Every structure is written in structure tokens, then in C-alpha cells.
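Structure first, commentary second.
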Amino acid sequence: MDTQLKKGLLDVCVLSVLREGESYGYKIITDIAPYIEISESTLYPILKRLESAGAVTTHSREFNGRLRKYYRITQKGLTKIDEFIQDVREFERIYRFISKGDKQ
């Protein structure tokens, strides 16, 4: 899969997990894992980028004596998911046009 395409998919996958409620890094990875491979070294730059873009907010709270960072989706993040869905619908329409001549 194209690297840039996968990057965009991962961003939206992370936002989709957070649409279900706030979460933390390891939990986000386990929620996404059945659908697409993602590692901690991939996830945390995505979260930082999404935070910088205003798509997520963060807060920390104690868990088992340590501070754990939690992420929450913003309205901007929800809009990003909606825009992605619209892009995929357009892509599907174009794909159907291209593949209709494929008789394999």
C-alpha cells in the first residue's frame, strides 16, 4: 500500500477509535490492530500531529501510580472523519468507472 495513503488511513483509524470515547496509546493500538497494523513508533507521531492540527485534545491522569496520557477527539477530528468518508465515496465511484471495462 502506498505510504501516503496508509498514513491518511491510520490518522482516520485513530480518530475513529477516539470517536468511541477517550483512550490511551496502548488501547488505541489494540483497537486498531484487527484492521490495520500499527506500532507505538507509528502511533505517537500520529497522535502528536492530530493534536497539533486540533483534531484531538489530551489530558493526563494517574493510573497505577503513573501518569497516563489520554486522547479525546474534537469537532475538528469528527469533521476529518466525515471528509474522509466523502473522499472514499468519490474514490469508489471512480473505481467503479475504471473497473467496469475490466473483464478478467
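Every chain in the C-alpha cells has a letter given in the order shown (A, B, ...), and although residue numbers restart at 1 in each chain, ligands are simply numbered from 1 in the order shown.
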
Extract, using only C-alpha atoms, all DNA, RNA and protein residues at most 9 Å from Thr74 (chain A), discarding same-chain residues fewer than 3 positions from it, and format them as number ranges by chain. A: 19, 54-57, 77-79

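Here CA of Phe84 (chain A) is placed at a distance of 7.5 Å from CA of Val12 (chain A).
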
With only C-alpha atoms as the counted atoms, please give the residues lying no more than 12 Å from region 21-24 of chain A, apart from itself and same-chain residues fewer than 4 positions off, as an MDAnalysis selection string. chainID A and resid 14:17 28:31 40 43:44 47 56:61 63 67:74

Taking only C-alpha atoms into account, which of A:Lys100, A:Asn64, A:Tyr26, A:Ile94 comes nearest Ser41 (chain A)?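 Smallest distance to Ser41 (chain A) is found for A:Tyr26.
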
Where in chain A does DSSP assign strand (DSSP E or B), given as JSON, numbers by chain? {"A": [23, 24, 56, 57, 58, 59, 60, 61, 62, 63, 66, 67, 68, 69, 70, 71, 72, 73]}

Please produce an output containing C-alpha atoms for each residue in the selection, written as a PDB file, in the first residue's frame.
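Contents of the output file again.pdb:
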ATOM      1  CA  SER A  23      -8.415   6.425  25.095  1.00  0.00           C
ATOM      2  CA  TYR A  24      -4.680   5.998  25.612  1.00  0.00           C
ATOM      3  CA  VAL A  56      -7.582  15.692  19.364  1.00  0.00           C
ATOM      4  CA  THR A  57      -7.004  17.050  22.836  1.00  0.00           C
ATOM      5  CA  THR A  58      -5.053  15.415  25.639  1.00  0.00           C
ATOM      6  CA  HIS A  59      -5.035  15.208  29.386  1.00  0.00           C
ATOM      7  CA  SER A  60      -3.127  13.101  31.871  1.00  0.00           C
ATOM      8  CA  ARG A  61      -4.341  11.254  34.919  1.00  0.00           C
ATOM      9  CA  GLU A  62      -2.848   8.790  37.314  1.00  0.00           C
ATOM     10  CA  PHE A  63      -3.195   5.070  36.672  1.00  0.00           C
ATOM     11  CA  ARG A  66       1.878   6.567  36.882  1.00  0.00           C
ATOM     12  CA  LEU A  67       0.573   9.360  34.736  1.00  0.00           C
ATOM     13  CA  ARG A  68      -1.216   8.104  31.640  1.00  0.00           C
ATOM     14  CA  LYS A  69      -1.947  10.396  28.716  1.00  0.00           C
ATOM     15  CA  TYR A  70      -5.496  10.214  27.360  1.00  0.00           C
ATOM     16  CA  TYR A  71      -6.658  11.464  23.980  1.00  0.00           C
ATOM     17  CA  ARG A  72     -10.096  12.796  23.067  1.00  0.00           C
ATOM     18  CA  ILE A  73     -11.454  13.645  19.615  1.00  0.00           C
TER      19      ILE A  73
END

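CA of Gln86 (chain A) is positioned 27.3 Å from CA of Ser39 (chain A).
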
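Here CA of Ile32 (chain A) and CA of Cys13 (chain A) stand 6.8 Å from one another.
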
Residues flagged helix (DSSP H, G or I) by DSSP in chain A, as a tab-separated table (two decimals) with N, CA, C and O atoms, in the first residue's frame:
chain	number	residue	atom	x	y	z
A	3	THR	N	2.57	4.57	0.91
A	3	THR	CA	2.88	5.09	2.23
A	3	THR	C	1.99	6.27	2.61
A	3	THR	O	1.48	6.34	3.73
A	4	GLN	N	1.80	7.20	1.69
A	4	GLN	CA	0.97	8.38	2.00
A	4	GLN	C	-0.49	7.99	2.22
A	4	GLN	O	-1.16	8.53	3.09
A	5	LEU	N	-0.97	7.04	1.42
A	5	LEU	CA	-2.34	6.56	1.58
A	5	LEU	C	-2.51	5.90	2.95
A	5	LEU	O	-3.48	6.16	3.66
A	6	LYS	N	-1.54	5.05	3.31
A	6	LYS	CA	-1.61	4.37	4.61
A	6	LYS	C	-1.57	5.39	5.75
A	6	LYS	O	-2.28	5.25	6.73
A	7	LYS	N	-0.75	6.42	5.60
A	7	LYS	CA	-0.64	7.47	6.63
A	7	LYS	C	-2.01	8.11	6.86
A	7	LYS	O	-2.44	8.27	7.99
A	8	GLY	N	-2.70	8.45	5.78
A	8	GLY	CA	-4.02	9.04	5.90
A	8	GLY	C	-5.02	8.09	6.52
A	8	GLY	O	-5.86	8.49	7.33
A	9	LEU	N	-4.94	6.82	6.15
A	9	LEU	CA	-5.83	5.81	6.73
A	9	LEU	C	-5.60	5.66	8.22
A	9	LEU	O	-6.55	5.56	9.00
A	10	LEU	N	-4.34	5.65	8.62
A	10	LEU	CA	-4.03	5.49	10.04
A	10	LEU	C	-4.56	6.67	10.85
A	10	LEU	O	-5.10	6.48	11.94
A	11	ASP	N	-4.42	7.88	10.31
A	11	ASP	CA	-4.95	9.05	11.01
A	11	ASP	C	-6.45	8.88	11.28
A	11	ASP	O	-6.92	9.09	12.39
A	12	VAL	N	-7.18	8.47	10.26
A	12	VAL	CA	-8.63	8.33	10.40
A	12	VAL	C	-8.98	7.14	11.28
A	12	VAL	O	-9.95	7.19	12.04
A	13	CYS	N	-8.18	6.07	11.25
A	13	CYS	CA	-8.41	4.94	12.14
A	13	CYS	C	-8.27	5.36	13.61
A	13	CYS	O	-9.08	5.00	14.45
A	14	VAL	N	-7.24	6.14	13.89
A	14	VAL	CA	-7.03	6.64	15.26
A	14	VAL	C	-8.22	7.51	15.67
A	14	VAL	O	-8.77	7.35	16.77
A	15	LEU	N	-8.63	8.41	14.80
A	15	LEU	CA	-9.78	9.27	15.11
A	15	LEU	C	-11.05	8.44	15.32
A	15	LEU	O	-11.86	8.74	16.20
A	16	SER	N	-11.20	7.37	14.54
A	16	SER	CA	-12.39	6.52	14.68
A	16	SER	C	-12.42	5.82	16.03
A	16	SER	O	-13.49	5.67	16.63
A	17	VAL	N	-11.27	5.40	16.52
A	17	VAL	CA	-11.21	4.81	17.86
A	17	VAL	C	-11.64	5.85	18.89
A	17	VAL	O	-12.44	5.58	19.78
A	18	LEU	N	-11.12	7.06	18.74
A	18	LEU	CA	-11.41	8.11	19.71
A	18	LEU	C	-12.85	8.61	19.62
A	18	LEU	O	-13.38	9.15	20.59
A	19	ARG	N	-13.49	8.40	18.48
A	19	ARG	CA	-14.90	8.77	18.35
A	19	ARG	C	-15.75	7.95	19.32
A	19	ARG	O	-16.79	8.42	19.79
A	25	GLY	N	-2.66	5.36	24.43
A	25	GLY	CA	-1.89	4.76	23.36
A	25	GLY	C	-2.04	3.27	23.17
A	25	GLY	O	-2.40	2.81	22.09
A	26	TYR	N	-1.75	2.48	24.20
A	26	TYR	CA	-1.79	1.02	24.04
A	26	TYR	C	-3.18	0.55	23.66
A	26	TYR	O	-3.34	-0.33	22.81
A	27	LYS	N	-4.20	1.13	24.24
A	27	LYS	CA	-5.59	0.74	23.95
A	27	LYS	C	-5.94	1.10	22.50
A	27	LYS	O	-6.63	0.32	21.81
A	28	ILE	N	-5.48	2.23	22.03
A	28	ILE	CA	-5.72	2.63	20.64
A	28	ILE	C	-5.11	1.59	19.70
A	28	ILE	O	-5.75	1.15	18.74
A	29	ILE	N	-3.89	1.18	19.99
A	29	ILE	CA	-3.22	0.18	19.16
A	29	ILE	C	-4.01	-1.12	19.14
A	29	ILE	O	-4.23	-1.71	18.07
A	30	THR	N	-4.46	-1.60	20.29
A	30	THR	CA	-5.20	-2.86	20.33
A	30	THR	C	-6.56	-2.75	19.64
A	30	THR	O	-7.03	-3.72	19.04
A	31	ASP	N	-7.15	-1.57	19.67
A	31	ASP	CA	-8.44	-1.38	18.99
A	31	ASP	C	-8.29	-1.36	17.47
A	31	ASP	O	-9.18	-1.80	16.74
A	32	ILE	N	-7.17	-0.85	16.98
A	32	ILE	CA	-6.93	-0.75	15.54
A	32	ILE	C	-6.36	-2.05	14.97
A	32	ILE	O	-6.61	-2.39	13.81
A	40	GLU	N	3.70	1.34	18.22
A	40	GLU	CA	3.83	2.53	19.07
A	40	GLU	C	4.64	3.62	18.37
A	40	GLU	O	4.29	4.80	18.45
A	41	SER	N	5.69	3.21	17.66
A	41	SER	CA	6.54	4.20	17.00
A	41	SER	C	5.82	4.89	15.85
A	41	SER	O	6.23	5.96	15.41
A	42	THR	N	4.75	4.30	15.37
A	42	THR	CA	3.91	4.93	14.35
A	42	THR	C	2.80	5.74	14.99
A	42	THR	O	2.47	6.84	14.55
A	43	LEU	N	2.20	5.20	16.05
A	43	LEU	CA	1.04	5.83	16.68
A	43	LEU	C	1.36	7.19	17.28
A	43	LEU	O	0.62	8.16	17.04
A	44	TYR	N	2.41	7.29	18.06
A	44	TYR	CA	2.63	8.53	18.81
A	44	TYR	C	2.90	9.75	17.92
A	44	TYR	O	2.39	10.83	18.21
A	45	PRO	N	3.63	9.61	16.83
A	45	PRO	CA	3.73	10.77	15.91
A	45	PRO	C	2.37	11.15	15.31
A	45	PRO	O	2.09	12.33	15.08
A	46	ILE	N	1.53	10.15	15.04
A	46	ILE	CA	0.18	10.43	14.53
A	46	ILE	C	-0.61	11.23	15.57
A	46	ILE	O	-1.24	12.24	15.23
A	47	LEU	N	-0.58	10.78	16.81
A	47	LEU	CA	-1.31	11.49	17.87
A	47	LEU	C	-0.79	12.91	18.03
A	47	LEU	O	-1.59	13.84	18.20
A	48	LYS	N	0.52	13.07	17.96
A	48	LYS	CA	1.09	14.42	18.08
A	48	LYS	C	0.64	15.31	16.92
A	48	LYS	O	0.26	16.46	17.12
A	49	ARG	N	0.64	14.75	15.70
A	49	ARG	CA	0.20	15.50	14.53
A	49	ARG	C	-1.28	15.86	14.63
A	49	ARG	O	-1.68	16.99	14.34
A	50	LEU	N	-2.11	14.92	15.08
A	50	LEU	CA	-3.53	15.18	15.23
A	50	LEU	C	-3.79	16.23	16.31
A	50	LEU	O	-4.67	17.08	16.17
A	51	GLU	N	-2.99	16.18	17.37
A	51	GLU	CA	-3.12	17.19	18.43
A	51	GLU	C	-2.73	18.58	17.90
A	51	GLU	O	-3.45	19.56	18.13
A	52	SER	N	-1.63	18.65	17.16
A	52	SER	CA	-1.19	19.93	16.58
A	52	SER	C	-2.22	20.50	15.62
A	52	SER	O	-2.38	21.71	15.52
A	75	GLN	N	-14.29	18.35	17.63
A	75	GLN	CA	-15.19	18.53	16.49
A	75	GLN	C	-14.40	18.53	15.19
A	75	GLN	O	-14.85	17.99	14.18
A	76	LYS	N	-13.22	19.10	15.21
A	76	LYS	CA	-12.37	19.12	14.03
A	76	LYS	C	-11.99	17.69	13.61
A	76	LYS	O	-11.94	17.36	12.42
A	77	GLY	N	-11.75	16.83	14.58
A	77	GLY	CA	-11.45	15.43	14.30
A	77	GLY	C	-12.65	14.70	13.72
A	77	GLY	O	-12.51	13.90	12.79
A	78	LEU	N	-13.83	14.99	14.25
A	78	LEU	CA	-15.06	14.39	13.71
A	78	LEU	C	-15.29	14.83	12.27
A	78	LEU	O	-15.68	14.03	11.41
A	79	THR	N	-15.01	16.09	12.00
A	79	THR	CA	-15.14	16.62	10.63
A	79	THR	C	-14.16	15.92	9.70
A	79	THR	O	-14.50	15.60	8.56
A	80	LYS	N	-12.96	15.66	10.19
A	80	LYS	CA	-11.95	14.96	9.38
A	80	LYS	C	-12.44	13.55	9.00
A	80	LYS	O	-12.24	13.11	7.87
A	81	ILE	N	-13.11	12.86	9.91
A	81	ILE	CA	-13.67	11.54	9.60
A	81	ILE	C	-14.74	11.68	8.51
A	81	ILE	O	-14.75	10.92	7.54
A	82	ASP	N	-15.63	12.65	8.67
A	82	ASP	CA	-16.69	12.86	7.68
A	82	ASP	C	-16.11	13.16	6.30
A	82	ASP	O	-16.59	12.65	5.29
A	83	GLU	N	-15.08	13.99	6.25
A	83	GLU	CA	-14.44	14.33	4.98
A	83	GLU	C	-13.80	13.09	4.35
A	83	GLU	O	-13.87	12.89	3.14
A	84	PHE	N	-13.20	12.26	5.18
A	84	PHE	CA	-12.59	11.03	4.69
A	84	PHE	C	-13.66	10.11	4.07
A	84	PHE	O	-13.45	9.55	2.99
A	85	ILE	N	-14.79	9.99	4.74
A	85	ILE	CA	-15.88	9.15	4.22
A	85	ILE	C	-16.35	9.67	2.86
A	85	ILE	O	-16.57	8.88	1.93
A	86	GLN	N	-16.48	10.96	2.73
A	86	GLN	CA	-16.87	11.55	1.44
A	86	GLN	C	-15.81	11.27	0.36
A	86	GLN	O	-16.16	10.96	-0.78
A	87	ASP	N	-14.54	11.38	0.72
A	87	ASP	CA	-13.46	11.09	-0.22
A	87	ASP	C	-13.52	9.63	-0.68
A	87	ASP	O	-13.33	9.34	-1.87
A	88	VAL	N	-13.77	8.72	0.24
A	88	VAL	CA	-13.85	7.30	-0.10
A	88	VAL	C	-15.02	7.04	-1.03
A	88	VAL	O	-14.91	6.27	-2.00
A	89	ARG	N	-16.14	7.68	-0.78
A	89	ARG	CA	-17.30	7.52	-1.68
A	89	ARG	C	-16.96	7.97	-3.09
A	89	ARG	O	-17.33	7.33	-4.07
A	90	GLU	N	-16.25	9.08	-3.20
A	90	GLU	CA	-15.85	9.57	-4.52
A	90	GLU	C	-14.87	8.59	-5.16
A	90	GLU	O	-14.96	8.27	-6.35
A	91	PHE	N	-13.94	8.09	-4.36
A	91	PHE	CA	-12.97	7.12	-4.86
A	91	PHE	C	-13.68	5.85	-5.36
A	91	PHE	O	-13.33	5.32	-6.42
A	92	GLU	N	-14.69	5.38	-4.62
A	92	GLU	CA	-15.45	4.20	-5.04
A	92	GLU	C	-16.14	4.43	-6.38
A	92	GLU	O	-16.16	3.55	-7.24
A	93	ARG	N	-16.70	5.62	-6.56
A	93	ARG	CA	-17.37	5.96	-7.81
A	93	ARG	C	-16.38	5.93	-8.97
A	93	ARG	O	-16.65	5.35	-10.04
A	94	ILE	N	-15.22	6.49	-8.77
A	94	ILE	CA	-14.17	6.50	-9.80
A	94	ILE	C	-13.68	5.07	-10.06
A	94	ILE	O	-13.48	4.67	-11.20
A	95	TYR	N	-13.50	4.30	-8.99
A	95	TYR	CA	-13.05	2.91	-9.13
A	95	TYR	C	-14.05	2.11	-9.97
A	95	TYR	O	-13.66	1.34	-10.86
A	96	ARG	N	-15.33	2.27	-9.71
A	96	ARG	CA	-16.36	1.57	-10.50
A	96	ARG	C	-16.26	1.95	-11.98
A	96	ARG	O	-16.39	1.10	-12.85
A	97	PHE	N	-16.03	3.22	-12.25
A	97	PHE	CA	-15.88	3.68	-13.63
A	97	PHE	C	-14.67	3.01	-14.30
A	97	PHE	O	-14.75	2.48	-15.41
A	98	ILE	N	-13.55	3.00	-13.59
A	98	ILE	CA	-12.32	2.44	-14.14
A	98	ILE	C	-12.44	0.93	-14.32
A	98	ILE	O	-12.03	0.38	-15.34
A	99	SER	N	-13.01	0.24	-13.36
A	99	SER	CA	-13.03	-1.22	-13.38
A	99	SER	C	-14.16	-1.80	-14.22
A	99	SER	O	-14.14	-3.01	-14.51
